[in-house]
Amino acid sequence: MATPIVLPVPRGSSSARLRAGADLDTQRGFWIEAFRRVRTETEARAAPLSAEDQIVQSMPDASPTKWHRAHVTWFFEQFLLVPNDPAYRIFDERFPFLFNSYYVAAGPRHARPERGLITRPNCADVAAYRAHVDAAVTKLIEAMPAEKTAAIFEIVEIGLHHEQQHQELMLTDILHAFAQNPVNPVYDAAWRTPQVGSKHEYVSVPPGIRSIGHDDEGFAFDNELPRHDVLVPKMRIARELVSNREWLEFMADGGYSTPSLWLSDGWAIVQNEGWQAPGYWRQREGTWYVMTLAGEQPVDPHAPVCHVSYFEAEAFARWAGKHLPSEEEWETAARAGILEQAFGTVWQWTRSAYLPYPGYRAAEGALGEYNGKFMVSQMVLRGSSLATPSGHERVSYRNFFYPPARWQFTGVRLAEFN
Ligand SMILES: [Fe+2]
């Protein structure tokens with residue numbers, strides 16, 4: 001059995017605290033409903049997938065759907081139920097080893113690249129695990145003594161935001177798996193990426209000392225804090241996302257065969273991986289197709305480019321004579337309301353390294369591992385994507401991936417200085 005750990009309240013910002021004014025029954029009802037809604041969405045996203053689909057792990061970075069469903073459940077078991085409910089019975093003593101992701105303080109864990117080898121517990125076992133934890137969490141929220149509810153609600157809340165992050169990964173990971181399959185499976189025939197608008201203009205971002213970071217209304221992860229001042233230079237940002245049409249021009253102009261456009265590490269990957277186009281693009285008889293959650297589709301020139309790495313985004317910007325915005329420039333522009341498709345289409349790479357904000361301190365204990373230990377060698381993405389669950393996005397949100405990653409829904413917005 002994993003050792004129960006003492007869990008401090010995460011050093012993020014919580015809407016649990018803001019709701020503390022409401023009477024306790026109202027608060028309990030709110031969190032039970034929020035919990036039910038998020039847990040249901042996870043199952044809705046898994047529903048189109050067969051048991052076989054849910055086992056596959058197509059690369060070490062992507063996890064099986066079944067693993068995602070179990071891991072988010074383990075999170076509630078490990079961080080909420082075990083430390084706070086003396087009557088709680090661990091569903092299966094073998095599961096914490098299988099479904100802990102990277103929390104060293106929560107005990108040993110199964111090797112990430114081998115998650116696809118776990119055929120048992122099967123999908124039905126995972127469904128039973130989910131039901132067991134759902135019932136226990138609901139009972140805990142209903143019955144917890146009043147003086148302990150604030151801490152409980154905060155852990156429920158971070159668990160729900162954590163599960164929403166995995167809901168997006170469920171889609172990105174199954175798309176990667178389906179893209180390896182010559183029959184081009186369809187996850188959702190109705191999946192469509194909104195097109196980019198036709199205003200090809202650059203707009204001024206309000207320069208000067210600006211405040212970025214979470215503003216203490218509602219939930220935020222700790223990496224969005226503390227709010228602090230930054231200096232935004234005189235610059236302009238593209239109102240629209242970069243489109244496939246523009247990307248095709250980059251390709252036609254030798255974008256993937258001109259080393260001077262690329263960072264050295266990026267050029268090495270272009271050569272080693274044979275990159276000639278964004279992720280999931282295939283060419284047949286002169287026409288480009290792209291694998292999507294709706295199966296293989298012709299590349300739509302009016303859709304935003306998607307599944308590009310930081311290296312590709314940076315090379316494209318150089319080719320275009322532009323730059324990627326920094327995360328503070330992006331956030332200032334988004335707060336000013338001057339960006340189209342800031343949210344809900346594709347994540348947008350920034351030129352900002354993923355670093356702690358001035359004064360950032362990770363929480364003590366296992367949940368301190370949530371964000372802080374990843375603050376090196378990755379780049380920040382802003383906005384949200386079509387795969388992001390509704391209500392999960394916010395203007396201060398900091399997503400982060402390694403520069404070569406392109407299996408997420410990642411696109412490009414440009415900036416210019418003059
Ligand atoms: Fe996780």
# chains A, B, ... in the order shown; residues from 1 in each chain; ligands from 1

$ closest_atom_pairs --of "chain A" --to "ligand 1" --cutoff "10 Å" --atoms "only C-alpha atoms and all ligand atoms" --output "JSON lines"
{"residue": "A:His68", "atom": "CA", "partner": "ligand 1", "partner_atom_place_in_ligand_line": "1 (Fe)", "distance": 7.9}
{"residue": "A:His71", "atom": "CA", "partner": "ligand 1", "partner_atom_place_in_ligand_line": "1 (Fe)", "distance": 6.6}
{"residue": "A:Val72", "atom": "CA", "partner": "ligand 1", "partner_atom_place_in_ligand_line": "1 (Fe)", "distance": 6.3}
{"residue": "A:Thr73", "atom": "CA", "partner": "ligand 1", "partner_atom_place_in_ligand_line": "1 (Fe)", "distance": 9.7}
{"residue": "A:Trp74", "atom": "CA", "partner": "ligand 1", "partner_atom_place_in_ligand_line": "1 (Fe)", "distance": 9.3}
{"residue": "A:Phe75", "atom": "CA", "partner": "ligand 1", "partner_atom_place_in_ligand_line": "1 (Fe)", "distance": 7.5}
{"residue": "A:Phe99", "atom": "CA", "partner": "ligand 1", "partner_atom_place_in_ligand_line": "1 (Fe)", "distance": 9.2}
{"residue": "A:Asn100", "atom": "CA", "partner": "ligand 1", "partner_atom_place_in_ligand_line": "1 (Fe)", "distance": 8.0}
{"residue": "A:Ser101", "atom": "CA", "partner": "ligand 1", "partner_atom_place_in_ligand_line": "1 (Fe)", "distance": 6.1}
{"residue": "A:Tyr102", "atom": "CA", "partner": "ligand 1", "partner_atom_place_in_ligand_line": "1 (Fe)", "distance": 7.8}
{"residue": "A:Tyr103", "atom": "CA", "partner": "ligand 1", "partner_atom_place_in_ligand_line": "1 (Fe)", "distance": 9.1}
{"residue": "A:Gly159", "atom": "CA", "partner": "ligand 1", "partner_atom_place_in_ligand_line": "1 (Fe)", "distance": 9.1}
{"residue": "A:His161", "atom": "CA", "partner": "ligand 1", "partner_atom_place_in_ligand_line": "1 (Fe)", "distance": 9.9}
{"residue": "A:His162", "atom": "CA", "partner": "ligand 1", "partner_atom_place_in_ligand_line": "1 (Fe)", "distance": 6.2}
{"residue": "A:Glu163", "atom": "CA", "partner": "ligand 1", "partner_atom_place_in_ligand_line": "1 (Fe)", "distance": 7.3}
{"residue": "A:Gln164", "atom": "CA", "partner": "ligand 1", "partner_atom_place_in_ligand_line": "1 (Fe)", "distance": 9.7}
{"residue": "A:Gln165", "atom": "CA", "partner": "ligand 1", "partner_atom_place_in_ligand_line": "1 (Fe)", "distance": 7.7}
{"residue": "A:His166", "atom": "CA", "partner": "ligand 1", "partner_atom_place_in_ligand_line": "1 (Fe)", "distance": 6.5}
{"residue": "A:Leu169", "atom": "CA", "partner": "ligand 1", "partner_atom_place_in_ligand_line": "1 (Fe)", "distance": 9.7}
{"residue": "A:Tyr370", "atom": "CA", "partner": "ligand 1", "partner_atom_place_in_ligand_line": "1 (Fe)", "distance": 8.2}

$ write_last_selection --atoms "N, CA, C and O atoms" --output "short mmCIF file (atom, residue, chain, number, x, y, z; two decimals), in the first residue's frame"
data_model
loop_
_atom_site.label_atom_id
_atom_site.label_comp_id
_atom_site.auth_asym_id
_atom_site.auth_seq_id
_atom_site.Cartn_x
_atom_site.Cartn_y
_atom_site.Cartn_z
N HIS A 68 -5.42 6.90 -18.29
CA HIS A 68 -5.89 8.24 -17.90
C HIS A 68 -7.10 8.13 -16.96
O HIS A 68 -7.18 8.83 -15.95
N HIS A 71 -5.77 6.88 -13.61
CA HIS A 71 -4.82 7.80 -12.95
C HIS A 71 -5.55 8.97 -12.27
O HIS A 71 -5.24 9.32 -11.13
N VAL A 72 -6.51 9.57 -12.96
CA VAL A 72 -7.22 10.71 -12.36
C VAL A 72 -8.04 10.24 -11.15
O VAL A 72 -8.30 11.02 -10.22
N THR A 73 -8.41 8.98 -11.16
CA THR A 73 -9.15 8.39 -10.04
C THR A 73 -8.20 8.15 -8.86
O THR A 73 -8.53 8.43 -7.70
N TRP A 74 -7.02 7.62 -9.19
CA TRP A 74 -5.99 7.45 -8.16
C TRP A 74 -5.68 8.78 -7.48
O TRP A 74 -5.46 8.83 -6.27
N PHE A 75 -5.66 9.87 -8.26
CA PHE A 75 -5.36 11.19 -7.70
C PHE A 75 -6.32 11.52 -6.56
O PHE A 75 -5.90 11.98 -5.49
N PHE A 99 -0.90 3.44 -11.22
CA PHE A 99 -1.56 4.66 -11.71
C PHE A 99 -1.02 5.95 -11.10
O PHE A 99 -1.56 7.02 -11.38
N ASN A 100 0.03 5.88 -10.29
CA ASN A 100 0.77 7.08 -9.93
C ASN A 100 1.54 7.49 -11.18
O ASN A 100 2.14 6.66 -11.86
N SER A 101 1.53 8.78 -11.49
CA SER A 101 2.23 9.22 -12.70
C SER A 101 3.67 9.58 -12.38
O SER A 101 4.60 8.86 -12.75
N TYR A 102 3.87 10.69 -11.67
CA TYR A 102 5.23 11.17 -11.42
C TYR A 102 5.45 11.65 -10.00
O TYR A 102 6.42 12.35 -9.73
N TYR A 103 4.54 11.32 -9.08
CA TYR A 103 4.64 11.84 -7.71
C TYR A 103 5.57 10.95 -6.88
O TYR A 103 5.15 9.93 -6.34
N GLY A 159 -8.22 18.41 -7.92
CA GLY A 159 -8.42 17.10 -8.56
C GLY A 159 -9.27 17.21 -9.81
O GLY A 159 -9.03 16.51 -10.80
N HIS A 161 -9.57 19.96 -11.76
CA HIS A 161 -8.78 20.63 -12.81
C HIS A 161 -7.72 19.69 -13.35
O HIS A 161 -7.42 19.71 -14.55
N HIS A 162 -7.17 18.86 -12.49
CA HIS A 162 -6.23 17.84 -12.94
C HIS A 162 -6.92 16.87 -13.91
O HIS A 162 -6.40 16.55 -14.98
N GLU A 163 -8.12 16.45 -13.56
CA GLU A 163 -8.84 15.51 -14.45
C GLU A 163 -9.14 16.17 -15.78
O GLU A 163 -9.06 15.53 -16.84
N GLN A 164 -9.47 17.46 -15.77
CA GLN A 164 -9.73 18.15 -17.03
C GLN A 164 -8.47 18.21 -17.90
O GLN A 164 -8.56 18.11 -19.13
N GLN A 165 -7.32 18.37 -17.28
CA GLN A 165 -6.08 18.33 -18.08
C GLN A 165 -5.93 16.97 -18.77
O GLN A 165 -5.55 16.89 -19.93
N HIS A 166 -6.26 15.92 -18.03
CA HIS A 166 -6.16 14.59 -18.63
C HIS A 166 -7.24 14.36 -19.68
O HIS A 166 -7.05 13.57 -20.60
N LEU A 169 -5.64 15.38 -22.74
CA LEU A 169 -4.62 14.40 -23.13
C LEU A 169 -5.24 13.12 -23.68
O LEU A 169 -4.67 12.48 -24.56
N TYR A 370 3.41 19.04 -8.57
CA TYR A 370 2.46 19.17 -9.68
C TYR A 370 3.06 19.95 -10.84
O TYR A 370 3.00 19.54 -11.99
#

$ residues_around --residues "range 191-198 of chain A" --least-positions-apart "6" --cutoff "6 Å" --atoms "only C-alpha atoms" --output "mmCIF file with C-alpha atoms, in the first residue's frame"
data_model
loop_
_atom_site.group_PDB
_atom_site.id
_atom_site.type_symbol
_atom_site.label_atom_id
_atom_site.label_comp_id
_atom_site.auth_asym_id
_atom_site.auth_seq_id
_atom_site.Cartn_x
_atom_site.Cartn_y
_atom_site.Cartn_z
ATOM 1 C CA ALA A 294 -12.635 12.948 -37.631
ATOM 2 C CA HIS A 302 -8.330 28.308 -43.963
ATOM 3 C CA ALA A 303 -7.892 26.300 -40.759
ATOM 4 C CA PRO A 304 -5.202 27.283 -38.299
#

$ residues_around --residues "Phe417 in chain A" --least-positions-apart "2" --cutoff "12 Å" --atoms "only C-alpha atoms" --output "list in words"
Tyr202, Val203, Ser204, Val205, Pro207, Val232, Pro233, Lys234, Met235, Arg236, Ile237, Ala238, Gly321, Lys322, His323, Leu324, Pro325, Ser326, Glu329, Leu414 and Ala415 of chain A

$ write_last_selection --atoms "N, CA and C atoms" --output "PDB file, in the first residue's frame"
ATOM      1  N   TYR A 202      -1.967  43.279 -37.739  1.00  0.00           N
ATOM      2  CA  TYR A 202      -1.220  43.291 -36.484  1.00  0.00           C
ATOM      3  C   TYR A 202      -1.720  44.466 -35.655  1.00  0.00           C
ATOM      4  N   VAL A 203      -1.914  44.222 -34.386  1.00  0.00           N
ATOM      5  CA  VAL A 203      -2.471  45.263 -33.524  1.00  0.00           C
ATOM      6  C   VAL A 203      -1.494  45.547 -32.380  1.00  0.00           C
ATOM      7  N   SER A 204      -1.477  46.803 -31.956  1.00  0.00           N
ATOM      8  CA  SER A 204      -0.548  47.207 -30.898  1.00  0.00           C
ATOM      9  C   SER A 204      -0.969  46.619 -29.561  1.00  0.00           C
ATOM     10  N   VAL A 205       0.001  46.085 -28.866  1.00  0.00           N
ATOM     11  CA  VAL A 205      -0.237  45.617 -27.500  1.00  0.00           C
ATOM     12  C   VAL A 205       0.070  46.794 -26.572  1.00  0.00           C
ATOM     13  N   PRO A 207       1.744  49.015 -24.393  1.00  0.00           N
ATOM     14  CA  PRO A 207       3.091  48.899 -23.829  1.00  0.00           C
ATOM     15  C   PRO A 207       3.157  49.454 -22.414  1.00  0.00           C
ATOM     16  N   VAL A 232       6.161  45.476 -20.902  1.00  0.00           N
ATOM     17  CA  VAL A 232       5.792  45.094 -22.273  1.00  0.00           C
ATOM     18  C   VAL A 232       6.341  46.161 -23.224  1.00  0.00           C
ATOM     19  N   PRO A 233       7.194  45.735 -24.176  1.00  0.00           N
ATOM     20  CA  PRO A 233       7.780  46.713 -25.096  1.00  0.00           C
ATOM     21  C   PRO A 233       6.750  47.170 -26.127  1.00  0.00           C
ATOM     22  N   LYS A 234       7.144  48.153 -26.897  1.00  0.00           N
ATOM     23  CA  LYS A 234       6.286  48.572 -27.993  1.00  0.00           C
ATOM     24  C   LYS A 234       6.315  47.460 -29.037  1.00  0.00           C
ATOM     25  N   MET A 235       5.211  46.849 -29.298  1.00  0.00           N
ATOM     26  CA  MET A 235       5.179  45.739 -30.249  1.00  0.00           C
ATOM     27  C   MET A 235       3.758  45.539 -30.738  1.00  0.00           C
ATOM     28  N   ARG A 236       3.648  44.727 -31.775  1.00  0.00           N
ATOM     29  CA  ARG A 236       2.315  44.428 -32.315  1.00  0.00           C
ATOM     30  C   ARG A 236       2.167  42.916 -32.411  1.00  0.00           C
ATOM     31  N   ILE A 237       0.934  42.482 -32.284  1.00  0.00           N
ATOM     32  CA  ILE A 237       0.668  41.038 -32.292  1.00  0.00           C
ATOM     33  C   ILE A 237      -0.386  40.742 -33.354  1.00  0.00           C
ATOM     34  N   ALA A 238      -0.269  39.572 -33.968  1.00  0.00           N
ATOM     35  CA  ALA A 238      -1.240  39.185 -34.999  1.00  0.00           C
ATOM     36  C   ALA A 238      -2.603  38.956 -34.360  1.00  0.00           C
ATOM     37  N   GLY A 321       9.765  36.783 -41.064  1.00  0.00           N
ATOM     38  CA  GLY A 321      10.320  38.057 -40.622  1.00  0.00           C
ATOM     39  C   GLY A 321       9.670  38.562 -39.345  1.00  0.00           C
ATOM     40  N   LYS A 322       9.082  37.659 -38.584  1.00  0.00           N
ATOM     41  CA  LYS A 322       8.369  38.029 -37.355  1.00  0.00           C
ATOM     42  C   LYS A 322       9.012  37.317 -36.161  1.00  0.00           C
ATOM     43  N   HIS A 323       8.271  37.323 -35.042  1.00  0.00           N
ATOM     44  CA  HIS A 323       8.704  36.647 -33.820  1.00  0.00           C
ATOM     45  C   HIS A 323       7.511  35.925 -33.228  1.00  0.00           C
ATOM     46  N   LEU A 324       7.787  35.064 -32.298  1.00  0.00           N
ATOM     47  CA  LEU A 324       6.699  34.577 -31.445  1.00  0.00           C
ATOM     48  C   LEU A 324       6.543  35.577 -30.302  1.00  0.00           C
ATOM     49  N   PRO A 325       5.308  35.792 -29.841  1.00  0.00           N
ATOM     50  CA  PRO A 325       5.143  36.678 -28.677  1.00  0.00           C
ATOM     51  C   PRO A 325       5.690  36.009 -27.420  1.00  0.00           C
ATOM     52  N   SER A 326       6.110  36.842 -26.471  1.00  0.00           N
ATOM     53  CA  SER A 326       6.438  36.288 -25.154  1.00  0.00           C
ATOM     54  C   SER A 326       5.124  36.007 -24.431  1.00  0.00           C
ATOM     55  N   GLU A 329       3.567  39.261 -23.278  1.00  0.00           N
ATOM     56  CA  GLU A 329       2.945  40.009 -24.378  1.00  0.00           C
ATOM     57  C   GLU A 329       1.613  39.371 -24.757  1.00  0.00           C
ATOM     58  N   LEU A 414       1.810  35.131 -34.424  1.00  0.00           N
ATOM     59  CA  LEU A 414       3.057  35.874 -34.605  1.00  0.00           C
ATOM     60  C   LEU A 414       3.001  37.251 -33.936  1.00  0.00           C
ATOM     61  N   ALA A 415       4.186  37.826 -33.788  1.00  0.00           N
ATOM     62  CA  ALA A 415       4.308  39.185 -33.259  1.00  0.00           C
ATOM     63  C   ALA A 415       5.374  39.908 -34.059  1.00  0.00           C
TER      64      ALA A 415
END

$ atom_distance --atom1 "CA of Phe311 in chain A" --atom2 "CA of Phe409 in chain A"
14.9 Å

$ select_by_dssp --residues "range 188-302 of chain A" --states "strand (DSSP E or B)" --output "CSV table (one decimal) with C-alpha atoms, in the first residue's frame"
chain,number,residue,atom,x,y,z
A,202,TYR,CA,-1.2,43.3,-36.5
A,203,VAL,CA,-2.5,45.3,-33.5
A,204,SER,CA,-0.5,47.2,-30.9
A,205,VAL,CA,-0.2,45.6,-27.5
A,208,GLY,CA,4.5,49.7,-20.4
A,209,ILE,CA,4.4,48.1,-17.0
A,210,ARG,CA,1.6,45.5,-17.0
A,211,SER,CA,0.4,43.0,-14.5
A,212,ILE,CA,0.3,39.4,-15.4
A,220,ALA,CA,-5.5,28.8,-10.7
A,228,HIS,CA,3.6,40.5,-10.9
A,229,ASP,CA,4.6,43.4,-13.0
A,230,VAL,CA,6.3,43.0,-16.4
A,231,LEU,CA,7.6,45.5,-18.9
A,232,VAL,CA,5.8,45.1,-22.3
A,235,MET,CA,5.2,45.7,-30.2
A,236,ARG,CA,2.3,44.4,-32.3
A,237,ILE,CA,0.7,41.0,-32.3
A,238,ALA,CA,-1.2,39.2,-35.0
A,243,SER,CA,-3.3,29.4,-41.2
A,281,TRP,CA,0.2,15.6,-42.5
A,282,ARG,CA,0.5,13.1,-45.4
A,283,GLN,CA,0.8,13.9,-49.1
A,284,ARG,CA,-0.7,11.8,-51.9
A,287,THR,CA,-2.5,16.8,-52.2
A,288,TRP,CA,-1.9,17.2,-48.5
A,289,TYR,CA,-4.1,15.4,-46.0
A,290,VAL,CA,-4.1,15.5,-42.3
A,291,MET,CA,-5.2,12.9,-39.7
A,292,THR,CA,-7.7,14.4,-37.3
A,295,GLY,CA,-10.2,10.7,-39.5
A,296,GLU,CA,-8.1,11.7,-42.4
A,297,GLN,CA,-9.2,15.0,-44.1
A,298,PRO,CA,-7.8,17.2,-46.8

$ select_by_dssp --residues "range 261-325 of chain A" --states "helix (DSSP H, G or I)" --output "PyMOL selection string"
chain A and resi 261+264-273+310-319

$ write_last_selection --atoms "C-alpha atoms" --output "PDB file, in the first residue's frame"
ATOM      1  CA  LEU A 261      15.692  29.236 -40.536  1.00  0.00           C
ATOM      2  CA  SER A 264      20.287  24.027 -34.204  1.00  0.00           C
ATOM      3  CA  ASP A 265      18.377  21.500 -32.070  1.00  0.00           C
ATOM      4  CA  GLY A 266      15.338  21.941 -34.293  1.00  0.00           C
ATOM      5  CA  TRP A 267      17.295  21.394 -37.477  1.00  0.00           C
ATOM      6  CA  ALA A 268      18.730  18.178 -36.024  1.00  0.00           C
ATOM      7  CA  ILE A 269      15.194  16.890 -35.467  1.00  0.00           C
ATOM      8  CA  VAL A 270      14.049  17.959 -38.934  1.00  0.00           C
ATOM      9  CA  GLN A 271      16.837  15.828 -40.351  1.00  0.00           C
ATOM     10  CA  ASN A 272      16.585  12.892 -37.967  1.00  0.00           C
ATOM     11  CA  GLU A 273      12.800  12.645 -38.169  1.00  0.00           C
ATOM     12  CA  TYR A 310       8.100  25.009 -30.909  1.00  0.00           C
ATOM     13  CA  PHE A 311      10.983  24.492 -33.310  1.00  0.00           C
ATOM     14  CA  GLU A 312       8.643  24.693 -36.298  1.00  0.00           C
ATOM     15  CA  ALA A 313       6.789  27.704 -34.885  1.00  0.00           C
ATOM     16  CA  GLU A 314      10.087  29.508 -34.327  1.00  0.00           C
ATOM     17  CA  ALA A 315      11.383  28.649 -37.826  1.00  0.00           C
ATOM     18  CA  PHE A 316       8.129  29.819 -39.374  1.00  0.00           C
ATOM     19  CA  ALA A 317       8.323  33.129 -37.496  1.00  0.00           C
ATOM     20  CA  ARG A 318      11.889  33.643 -38.693  1.00  0.00           C
ATOM     21  CA  TRP A 319      10.870  32.868 -42.284  1.00  0.00           C
TER      22      TRP A 319
END

$ atom_distance --atom1 "CA of Ile174 in chain A" --atom2 "CA of Leu49 in chain A"
9.0 Å

$ atom_distance --atom1 "CA of Pro278 in chain A" --atom2 "CA of Asn399 in chain A"
20.0 Å

$ residues_around --residues "Leu355 in chain A" --least-positions-apart "4" --cutoff "9 Å" --atoms "only C-alpha atoms" --output "MDAnalysis selection string"
chainID A and resid 223 372 374:380

$ write_last_selection --atoms "N, CA and C atoms" --output "mmCIF file, in the first residue's frame"
data_model
loop_
_atom_site.group_PDB
_atom_site.id
_atom_site.type_symbol
_atom_site.label_atom_id
_atom_site.label_comp_id
_atom_site.auth_asym_id
_atom_site.auth_seq_id
_atom_site.Cartn_x
_atom_site.Cartn_y
_atom_site.Cartn_z
ATOM 1 N N ASN A 223 1.496 27.636 -10.754
ATOM 2 C CA ASN A 223 2.458 28.233 -11.697
ATOM 3 C C ASN A 223 1.970 29.560 -12.283
ATOM 4 N N GLY A 372 6.030 22.637 -10.186
ATOM 5 C CA GLY A 372 7.323 23.272 -9.966
ATOM 6 C C GLY A 372 8.495 22.488 -10.516
ATOM 7 N N PHE A 374 8.891 20.834 -13.060
ATOM 8 C CA PHE A 374 9.020 20.799 -14.524
ATOM 9 C C PHE A 374 9.516 22.115 -15.112
ATOM 10 N N MET A 375 9.938 23.032 -14.237
ATOM 11 C CA MET A 375 10.268 24.372 -14.727
ATOM 12 C C MET A 375 11.695 24.467 -15.251
ATOM 13 N N VAL A 376 11.989 23.658 -16.240
ATOM 14 C CA VAL A 376 13.258 23.751 -16.962
ATOM 15 C C VAL A 376 13.077 23.080 -18.328
ATOM 16 N N SER A 377 13.707 23.645 -19.331
ATOM 17 C CA SER A 377 13.812 23.033 -20.672
ATOM 18 C C SER A 377 12.500 22.953 -21.457
ATOM 19 N N GLN A 378 11.443 23.607 -20.982
ATOM 20 C CA GLN A 378 10.186 23.561 -21.722
ATOM 21 C C GLN A 378 9.777 24.987 -22.106
ATOM 22 N N MET A 379 8.865 25.098 -23.056
ATOM 23 C CA MET A 379 8.401 26.406 -23.507
ATOM 24 C C MET A 379 6.918 26.566 -23.158
ATOM 25 N N VAL A 380 6.518 27.799 -22.935
ATOM 26 C CA VAL A 380 5.140 28.081 -22.508
ATOM 27 C C VAL A 380 4.227 28.214 -23.728
#

$ residues_around --residues "range 22-32 of chain A" --least-positions-apart "6" --cutoff "12 Å" --atoms "only C-alpha atoms" --output "MDAnalysis selection string"
chainID A and resid 15:16 38:39 134:150 152:160

$ closest_residue --among "A:Thr172, A:Asn181, A:Ser396, A:Ser257" --to "His214 in chain A" --atoms "only C-alpha atoms"
A:Ser396

$ residues_around --residues "Glu327 in chain A" --least-positions-apart "2" --cutoff "9 Å" --atoms "only C-alpha atoms" --output "list in words"
Pro325, Glu329, Trp330, Glu331, Thr332, Trp349, Thr350, Arg351, Ser352, Ala353, Val380, Leu381, Arg382 and Arg398 of chain A

$ closest_residue --among "A:Gly344, A:Pro108, A:Pro259, A:Pro356" --to "Gly213 in chain A" --atoms "only C-alpha atoms"
A:Pro356

$ closest_residue --among "A:Met170, A:Val56, A:Val133, A:Ala34" --to "Val82 in chain A" --atoms "only C-alpha atoms"
A:Val133

$ closest_residue --among "A:Val412, A:Ala334, A:Ala62, A:Leu263" --to "Leu175 in chain A" --atoms "only C-alpha atoms"
A:Ala62

$ decode --residues "range 79-90 of chain A" --atoms "N, CA, C and O atoms" --output "PDB file, in the first residue's frame"
ATOM      1  N   PHE A  79      -4.807  11.605  -2.779  1.00  0.00           N
ATOM      2  CA  PHE A  79      -4.642  12.941  -2.194  1.00  0.00           C
ATOM      3  C   PHE A  79      -5.852  13.418  -1.413  1.00  0.00           C
ATOM      4  O   PHE A  79      -5.745  14.344  -0.620  1.00  0.00           O
ATOM      5  N   LEU A  80      -7.011  12.807  -1.662  1.00  0.00           N
ATOM      6  CA  LEU A  80      -8.206  13.252  -0.954  1.00  0.00           C
ATOM      7  C   LEU A  80      -8.689  12.194   0.044  1.00  0.00           C
ATOM      8  O   LEU A  80      -8.840  12.470   1.233  1.00  0.00           O
ATOM      9  N   LEU A  81      -8.917  10.985  -0.447  1.00  0.00           N
ATOM     10  CA  LEU A  81      -9.580   9.984   0.394  1.00  0.00           C
ATOM     11  C   LEU A  81      -8.644   9.407   1.453  1.00  0.00           C
ATOM     12  O   LEU A  81      -9.000   9.343   2.632  1.00  0.00           O
ATOM     13  N   VAL A  82      -7.477   8.961   1.050  1.00  0.00           N
ATOM     14  CA  VAL A  82      -6.588   8.296   2.009  1.00  0.00           C
ATOM     15  C   VAL A  82      -6.228   9.216   3.182  1.00  0.00           C
ATOM     16  O   VAL A  82      -6.318   8.811   4.343  1.00  0.00           O
ATOM     17  N   PRO A  83      -5.850  10.483   2.906  1.00  0.00           N
ATOM     18  CA  PRO A  83      -5.475  11.317   4.064  1.00  0.00           C
ATOM     19  C   PRO A  83      -6.660  11.828   4.881  1.00  0.00           C
ATOM     20  O   PRO A  83      -6.459  12.253   6.014  1.00  0.00           O
ATOM     21  N   ASN A  84      -7.868  11.825   4.317  1.00  0.00           N
ATOM     22  CA  ASN A  84      -8.970  12.528   4.982  1.00  0.00           C
ATOM     23  C   ASN A  84     -10.135  11.651   5.418  1.00  0.00           C
ATOM     24  O   ASN A  84     -11.035  12.137   6.099  1.00  0.00           O
ATOM     25  N   ASP A  85     -10.151  10.401   4.990  1.00  0.00           N
ATOM     26  CA  ASP A  85     -11.291   9.549   5.322  1.00  0.00           C
ATOM     27  C   ASP A  85     -10.778   8.258   5.962  1.00  0.00           C
ATOM     28  O   ASP A  85     -10.390   7.316   5.270  1.00  0.00           O
ATOM     29  N   PRO A  86     -10.770   8.206   7.306  1.00  0.00           N
ATOM     30  CA  PRO A  86     -10.219   7.023   7.990  1.00  0.00           C
ATOM     31  C   PRO A  86     -10.960   5.737   7.628  1.00  0.00           C
ATOM     32  O   PRO A  86     -10.390   4.648   7.707  1.00  0.00           O
ATOM     33  N   ALA A  87     -12.208   5.875   7.186  1.00  0.00           N
ATOM     34  CA  ALA A  87     -12.990   4.676   6.851  1.00  0.00           C
ATOM     35  C   ALA A  87     -12.769   4.224   5.411  1.00  0.00           C
ATOM     36  O   ALA A  87     -13.251   3.155   5.018  1.00  0.00           O
ATOM     37  N   TYR A  88     -12.030   5.008   4.638  1.00  0.00           N
ATOM     38  CA  TYR A  88     -11.883   4.670   3.215  1.00  0.00           C
ATOM     39  C   TYR A  88     -11.040   3.412   3.043  1.00  0.00           C
ATOM     40  O   TYR A  88      -9.993   3.255   3.663  1.00  0.00           O
ATOM     41  N   ARG A  89     -11.491   2.524   2.196  1.00  0.00           N
ATOM     42  CA  ARG A  89     -10.749   1.300   1.857  1.00  0.00           C
ATOM     43  C   ARG A  89     -10.188   1.464   0.450  1.00  0.00           C
ATOM     44  O   ARG A  89     -10.946   1.673  -0.497  1.00  0.00           O
ATOM     45  N   ILE A  90      -8.860   1.340   0.319  1.00  0.00           N
ATOM     46  CA  ILE A  90      -8.238   1.392  -1.010  1.00  0.00           C
ATOM     47  C   ILE A  90      -8.888   0.323  -1.884  1.00  0.00           C
ATOM     48  O   ILE A  90      -9.081  -0.814  -1.446  1.00  0.00           O
TER      49      ILE A  90
END
